[in-house]
Structure formats: C-alpha cells, structure tokens
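One structure below.
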Amino acid sequence: MVKKNTCVFISGQGTNLRNLIFHSRDNSFPVKISLVITNKKEAHGINFAKKFKIPYVFIDTTFNNYDNKILLYLKKYKISFICLAGFMKVISKNIINKYQGKIINIHPSLLPKFKGLNTFSRMLKNKEKKAGCTVHFVNAKLDSGNVIIKKNFNINNRDTEITLKNKTQKLEYRAFPEAIIRIFRNI
Ligand code: GRF
C-alpha cells in the first residue's frame with residue numbers, strides 16, 4: 001500500500017500527534033507522517049517529531065505571508081493530506097483551496113455544538129449530558145466542515161473541566177485514526 005504523505009499541524013502538547021505516529025508505523029495504516037508544522041516554537045509536541053525523526057518546522061503565523069511558507073513546505077515534502085491536531089490558528093483560504101477535502105481537524109466537542117474554544121467550561125455551564133470529540137473536514141468556516149466521525153460519553157455530576165478533557169482525549173486517540181482509515185477506505 002502506498003501511504004499518503006501527511007503533515008500534522010500542532011501548537012501544543014501533541015498527544016494526538018504521538019498517537020498518529022504510533023498508528024502510522026503499522027503497515028496497513030493509510031498515512032505516513034512525513035512532516036510536522038508548529039506555529040509555537042515551544043510546543044511540547046515537537047519532541048515527538050524529534051524522537052521519531054520526523055522533519056518538523058516552525059512557522060510564525062503572525063506574519064502576513066505565513067501561508068505561502070506553509071505551502072512551500074507542503075510542496076517540498078510532497079504532502080497530500082493534512083491533520084490539524086490542536087493547531088490554534090484558523091487555516092487560511094489559500095491553503096484550504098489548494099487542499100480541498102484533504103484537511104481534517106479534531107475538535108473536543110460533539111459538533112455542531114460548542115464550536116471554537118473553551119468547550120469544556122461551556123458544556124458544564126450549559127449542564128450538557130454528553131461530551132465527546134468530532135473529526136471533520138476543514139472548510140472556510142470554523143469547525144463547520146463535514147463530520148467524519150464522532151465519539152461521545154456521558155457527563156456525570158463529578159466531572160470537571162480536567163476530567164472532561166482527559167475523557168475526551170482518550171476518545172480522540174481512537175477517533176482520529178479511525179477517521180483516517182474511513183476516509184482512505186472510501187477512496
Ligand atoms: C485536542 O484535545 C483537540 O481536540 C484540540 O486540541 C487538543 C490538542 O491536544 N483541537 P494535543 O496537542 O494533541 O495533546
């Protein structure tokens with residue numbers, strides 16, 4: 001099987017990146033993590049790229065032409081698929097147009113509920129019964145592209161923002177690889 005050259009975009013801890021790297025080492029997994037892009041120099045997730053000898057690059061997304069720089073790197077590493085894993089920057093139209101239907105994101109809520117930031121505090125405030133994660137295609141509108149997979153769990157009255165985050169991330173580690181398998185099985 002020819003694996004798709006994939007770039008993972010991160011800004012923080014990178015635990016989803018680590019999980020995708022582990023999965024990608026399986027021969028039957030459809031993608032190879034060929035590049036990691038971070039817009040935070042100090043992102044802890046870079047350590048996973050280093051550890052597994054995956055090329056990584058820091059792009060300062062506060063500069064105007066940052067998306068052209070990203071596109072150059074994507075070209076250099078022949079990237080045909082992009083996973084956003086905790087990338088705290090809205091992807092520019094320029095990149096979305098060039099990678100139509102080839103960018104996916106993982107979001108810590110059951111979309112379309114709780115788009116954007118601070119999902120867990122808003123869920124608690126709203127007395128939600130269920131939490132979870134969503135993997136979706138990225139389009140020009142924030143957290144609004146077609147859903148590939150969702151996984152949920154019941155919220156109980158002892159849950160806090162921290163426990164919700166931990167439980168959600170456990171589901172994310174299953175949802176993200178499953179979504180990728182689903183996409184490439186259908187192509
Ligand atoms: C994940 O919980 C994801 O849902 C959100 O950002 C978080 C990234 O976590 N978009 P990590 O950096 O993969 O540990």
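How things are named: the first chain in the structure tokens is A, the next is B, and so on; residues count from 1 in each chain; ligands count from 1 in the order shown.
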- Item | Polymer residues at most 12 Å from Asn68 in chain A, only C-alpha atoms, same-chain spacing of 2 or more positions, as a count of residues only | 19
- Task: Using only C-alpha atoms and all ligand atoms, find each residue with an atom at most 9 Å away from ligand 1 and format the answer as JSON, numbers by chain.
- Result: {"A": [10, 11, 12, 13, 14, 15, 16, 17, 18, 19, 43, 44, 45, 84, 85, 86, 87, 88, 105, 106, 107, 108, 109, 117, 133, 134, 135, 165, 166, 168, 169, 172, 173]}
- Item | 12 Å contact set for Lys125 in chain A, only C-alpha atoms, chain neighbours under 2 positions out, as an NGL selection string | :A and (114 or 118-123 or 127-129 or 157 or 159-161)
- Item | Distance criterion (only C-alpha atoms): nearest to Met1 in chain A out of A:Phe137, A:Lys170, A:Ile46, A:Arg185 | A:Arg185
Could you pull the residues within 12 Å of Leu35 in chain A, counting only C-alpha atoms, minus those fewer than 4 positions along the same chain, as a PDB file with N, CA and C atoms, in the first residue's frame?
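The result, stored in part-v9.pdb:
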```pdb
ATOM      1  N   LYS A   4      -0.145   7.824   2.095  1.00  0.00           N
ATOM      2  CA  LYS A   4      -0.232   9.255   1.764  1.00  0.00           C
ATOM      3  C   LYS A   4       0.759  10.026   2.631  1.00  0.00           C
ATOM      4  N   ASN A   5       1.541  10.874   1.995  1.00  0.00           N
ATOM      5  CA  ASN A   5       2.426  11.745   2.768  1.00  0.00           C
ATOM      6  C   ASN A   5       1.580  12.769   3.505  1.00  0.00           C
ATOM      7  N   THR A   6       1.675  12.737   4.809  1.00  0.00           N
ATOM      8  CA  THR A   6       0.777  13.549   5.638  1.00  0.00           C
ATOM      9  C   THR A   6       1.558  14.509   6.522  1.00  0.00           C
ATOM     10  N   CYS A   7       0.984  15.695   6.683  1.00  0.00           N
ATOM     11  CA  CYS A   7       1.575  16.684   7.586  1.00  0.00           C
ATOM     12  C   CYS A   7       0.621  16.880   8.757  1.00  0.00           C
ATOM     13  N   VAL A   8       1.152  16.870   9.970  1.00  0.00           N
ATOM     14  CA  VAL A   8       0.331  17.154  11.151  1.00  0.00           C
ATOM     15  C   VAL A   8       0.691  18.549  11.660  1.00  0.00           C
ATOM     16  N   PHE A   9      -0.335  19.375  11.843  1.00  0.00           N
ATOM     17  CA  PHE A   9      -0.143  20.739  12.356  1.00  0.00           C
ATOM     18  C   PHE A   9      -0.444  20.738  13.858  1.00  0.00           C
ATOM     19  N   ILE A  10       0.466  21.279  14.641  1.00  0.00           N
ATOM     20  CA  ILE A  10       0.250  21.313  16.099  1.00  0.00           C
ATOM     21  C   ILE A  10       0.580  22.702  16.664  1.00  0.00           C
ATOM     22  N   LEU A  17      -0.690  13.918  17.945  1.00  0.00           N
ATOM     23  CA  LEU A  17       0.409  13.669  17.005  1.00  0.00           C
ATOM     24  C   LEU A  17       1.102  12.354  17.371  1.00  0.00           C
ATOM     25  N   ILE A  21       1.451   9.072  15.091  1.00  0.00           N
ATOM     26  CA  ILE A  21       2.754   8.497  14.726  1.00  0.00           C
ATOM     27  C   ILE A  21       2.746   6.995  15.024  1.00  0.00           C
ATOM     28  N   VAL A  31      -1.653   6.381   6.160  1.00  0.00           N
ATOM     29  CA  VAL A  31      -0.823   7.579   6.042  1.00  0.00           C
ATOM     30  C   VAL A  31       0.540   7.407   6.713  1.00  0.00           C
ATOM     31  N   ILE A  46       6.637  18.967  19.530  1.00  0.00           N
ATOM     32  CA  ILE A  46       7.819  18.887  18.656  1.00  0.00           C
ATOM     33  C   ILE A  46       8.731  17.739  19.105  1.00  0.00           C
ATOM     34  N   PHE A  48       7.964  14.847  19.990  1.00  0.00           N
ATOM     35  CA  PHE A  48       7.592  13.564  19.377  1.00  0.00           C
ATOM     36  C   PHE A  48       8.133  13.489  17.951  1.00  0.00           C
ATOM     37  N   ALA A  49       8.121  14.635  17.252  1.00  0.00           N
ATOM     38  CA  ALA A  49       8.708  14.641  15.906  1.00  0.00           C
ATOM     39  C   ALA A  49      10.190  14.309  16.008  1.00  0.00           C
ATOM     40  N   LYS A  50      10.860  14.946  16.963  1.00  0.00           N
ATOM     41  CA  LYS A  50      12.310  14.704  17.132  1.00  0.00           C
ATOM     42  C   LYS A  50      12.568  13.239  17.446  1.00  0.00           C
ATOM     43  N   PHE A  52      10.905  10.592  16.857  1.00  0.00           N
ATOM     44  CA  PHE A  52      10.655   9.630  15.780  1.00  0.00           C
ATOM     45  C   PHE A  52      11.266  10.069  14.454  1.00  0.00           C
ATOM     46  N   LYS A  53      12.183  11.051  14.547  1.00  0.00           N
ATOM     47  CA  LYS A  53      12.953  11.517  13.377  1.00  0.00           C
ATOM     48  C   LYS A  53      12.051  11.943  12.215  1.00  0.00           C
ATOM     49  N   ILE A  54      11.039  12.683  12.561  1.00  0.00           N
ATOM     50  CA  ILE A  54      10.132  13.226  11.539  1.00  0.00           C
ATOM     51  C   ILE A  54      10.508  14.694  11.334  1.00  0.00           C
ATOM     52  N   PRO A  55      10.691  15.136  10.093  1.00  0.00           N
ATOM     53  CA  PRO A  55      11.019  16.546   9.870  1.00  0.00           C
ATOM     54  C   PRO A  55       9.944  17.455  10.471  1.00  0.00           C
ATOM     55  N   TYR A  56      10.379  18.548  11.077  1.00  0.00           N
ATOM     56  CA  TYR A  56       9.414  19.489  11.641  1.00  0.00           C
ATOM     57  C   TYR A  56       9.880  20.905  11.336  1.00  0.00           C
ATOM     58  N   VAL A  57       8.908  21.805  11.306  1.00  0.00           N
ATOM     59  CA  VAL A  57       9.262  23.182  11.005  1.00  0.00           C
ATOM     60  C   VAL A  57       8.373  24.124  11.813  1.00  0.00           C
ATOM     61  N   PHE A  58       8.999  25.206  12.289  1.00  0.00           N
ATOM     62  CA  PHE A  58       8.251  26.236  12.999  1.00  0.00           C
ATOM     63  C   PHE A  58       7.892  27.323  11.995  1.00  0.00           C
ATOM     64  N   ILE A  70       3.979  27.950   4.432  1.00  0.00           N
ATOM     65  CA  ILE A  70       3.457  26.606   4.716  1.00  0.00           C
ATOM     66  C   ILE A  70       3.317  25.827   3.411  1.00  0.00           C
ATOM     67  N   TYR A  73       6.545  24.384   2.146  1.00  0.00           N
ATOM     68  CA  TYR A  73       6.970  23.172   2.864  1.00  0.00           C
ATOM     69  C   TYR A  73       6.116  21.971   2.483  1.00  0.00           C
ATOM     70  N   LEU A  74       4.817  22.213   2.300  1.00  0.00           N
ATOM     71  CA  LEU A  74       3.940  21.086   1.935  1.00  0.00           C
ATOM     72  C   LEU A  74       4.360  20.520   0.581  1.00  0.00           C
ATOM     73  N   LYS A  75       4.780  21.429  -0.298  1.00  0.00           N
ATOM     74  CA  LYS A  75       5.225  21.000  -1.627  1.00  0.00           C
ATOM     75  C   LYS A  75       6.554  20.235  -1.522  1.00  0.00           C
ATOM     76  N   LYS A  76       7.452  20.819  -0.746  1.00  0.00           N
ATOM     77  CA  LYS A  76       8.781  20.209  -0.589  1.00  0.00           C
ATOM     78  C   LYS A  76       8.677  18.761  -0.096  1.00  0.00           C
ATOM     79  N   TYR A  77       7.749  18.522   0.833  1.00  0.00           N
ATOM     80  CA  TYR A  77       7.619  17.174   1.399  1.00  0.00           C
ATOM     81  C   TYR A  77       6.512  16.368   0.716  1.00  0.00           C
ATOM     82  N   LYS A  78       6.047  16.871  -0.438  1.00  0.00           N
ATOM     83  CA  LYS A  78       5.040  16.151  -1.249  1.00  0.00           C
ATOM     84  C   LYS A  78       3.823  15.733  -0.409  1.00  0.00           C
ATOM     85  N   ILE A  79       3.330  16.672   0.366  1.00  0.00           N
ATOM     86  CA  ILE A  79       2.225  16.378   1.282  1.00  0.00           C
ATOM     87  C   ILE A  79       0.891  16.355   0.519  1.00  0.00           C
ATOM     88  N   SER A  80       0.120  15.271   0.720  1.00  0.00           N
ATOM     89  CA  SER A  80      -1.183  15.207   0.054  1.00  0.00           C
ATOM     90  C   SER A  80      -2.337  15.140   1.048  1.00  0.00           C
ATOM     91  N   PHE A  81      -2.027  15.149   2.346  1.00  0.00           N
ATOM     92  CA  PHE A  81      -3.088  15.065   3.355  1.00  0.00           C
ATOM     93  C   PHE A  81      -2.615  15.791   4.609  1.00  0.00           C
ATOM     94  N   ILE A  82      -3.550  16.499   5.267  1.00  0.00           N
ATOM     95  CA  ILE A  82      -3.181  17.319   6.431  1.00  0.00           C
ATOM     96  C   ILE A  82      -4.099  17.005   7.609  1.00  0.00           C
ATOM     97  N   CYS A  83      -3.485  16.789   8.768  1.00  0.00           N
ATOM     98  CA  CYS A  83      -4.264  16.597  10.003  1.00  0.00           C
ATOM     99  C   CYS A  83      -3.978  17.753  10.948  1.00  0.00           C
TER     100      CYS A  83
END
```
- Task: Mind listing the alpha helix (DSSP H) residues of range 7-163 of chain A, per DSSP on the backbone, as a count of residues only?
- Result: 43
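Distance-wise, CA of Ala131 in chain A and CA of Gly116 in chain A end up 14.7 Å apart.
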- Leaving out Val138 in chain A and any residue of its chain fewer than 2 positions from it, which residues lie within 7 Å of it when counting only C-alpha atoms, given as a PyMOL selection string? chain A and resi 103-105+136+140+145
Please save all heavy atoms of the selected residues as a JSON list (two decimals), in the first residue's frame.
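And here's part12.json as it stands now:
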```json
[["chain", "number", "residue", "atom", "x", "y", "z"],
["A", 103, "ILE", "N", -7.97, 18.18, 4.23],
["A", 103, "ILE", "CA", -7.56, 18.65, 5.56],
["A", 103, "ILE", "C", -8.62, 18.21, 6.57],
["A", 103, "ILE", "O", -9.82, 18.46, 6.36],
["A", 103, "ILE", "CB", -7.44, 20.19, 5.63],
["A", 103, "ILE", "CG1", -6.58, 20.71, 4.47],
["A", 103, "ILE", "CG2", -6.86, 20.63, 6.97],
["A", 103, "ILE", "CD1", -6.48, 22.24, 4.41],
["A", 104, "ILE", "N", -8.19, 17.56, 7.65],
["A", 104, "ILE", "CA", -9.14, 17.20, 8.69],
["A", 104, "ILE", "C", -8.68, 17.77, 10.03],
["A", 104, "ILE", "O", -7.49, 18.05, 10.23],
["A", 104, "ILE", "CB", -9.38, 15.67, 8.78],
["A", 104, "ILE", "CG1", -8.11, 14.92, 9.19],
["A", 104, "ILE", "CG2", -9.90, 15.13, 7.46],
["A", 104, "ILE", "CD1", -8.37, 13.43, 9.48],
["A", 105, "ASN", "N", -9.64, 17.92, 10.93],
["A", 105, "ASN", "CA", -9.37, 18.51, 12.24],
["A", 105, "ASN", "C", -10.05, 17.68, 13.31],
["A", 105, "ASN", "O", -11.08, 17.07, 13.06],
["A", 105, "ASN", "CB", -9.94, 19.94, 12.27],
["A", 105, "ASN", "CG", -9.73, 20.62, 13.61],
["A", 105, "ASN", "OD1", -8.64, 20.57, 14.20],
["A", 105, "ASN", "ND2", -10.78, 21.25, 14.13],
["A", 136, "HIS", "N", -13.55, 16.13, 11.63],
["A", 136, "HIS", "CA", -14.30, 16.68, 10.50],
["A", 136, "HIS", "C", -13.37, 17.24, 9.43],
["A", 136, "HIS", "O", -12.21, 17.58, 9.73],
["A", 136, "HIS", "CB", -15.26, 17.78, 10.99],
["A", 136, "HIS", "CG", -14.54, 18.97, 11.57],
["A", 136, "HIS", "ND1", -14.23, 20.09, 10.83],
["A", 136, "HIS", "CD2", -14.05, 19.19, 12.81],
["A", 136, "HIS", "CE1", -13.59, 20.95, 11.60],
["A", 136, "HIS", "NE2", -13.46, 20.44, 12.81],
["A", 140, "ALA", "N", -13.91, 26.66, 4.98],
["A", 140, "ALA", "CA", -13.57, 28.05, 5.32],
["A", 140, "ALA", "C", -14.23, 28.54, 6.61],
["A", 140, "ALA", "O", -13.82, 29.54, 7.18],
["A", 140, "ALA", "CB", -13.95, 28.95, 4.15],
["A", 145, "GLY", "N", -16.97, 21.93, 8.80],
["A", 145, "GLY", "CA", -16.91, 21.02, 7.65],
["A", 145, "GLY", "C", -17.61, 19.70, 7.93],
["A", 145, "GLY", "O", -18.01, 19.42, 9.07]]
```
- Computed gap from CA of Leu171 in chain A to CA of Lys141 in chain A is 24.3 Å
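Taking CA of Arg174 in chain A as the reference point, CA of Gly132 in chain A is found at 11.6 Å.
If only C-alpha atoms are the atoms counted, then among A:Ile149, A:Leu20, A:Gly101, A:Ile155 the closest residue to Leu124 in chain A is A:Ile155.
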- Note on the structure: Using only C-alpha atoms, the best pick from A:His23, A:Lys32, A:Arg182, A:Lys115 as closest to Leu142 in chain A would be A:Lys115
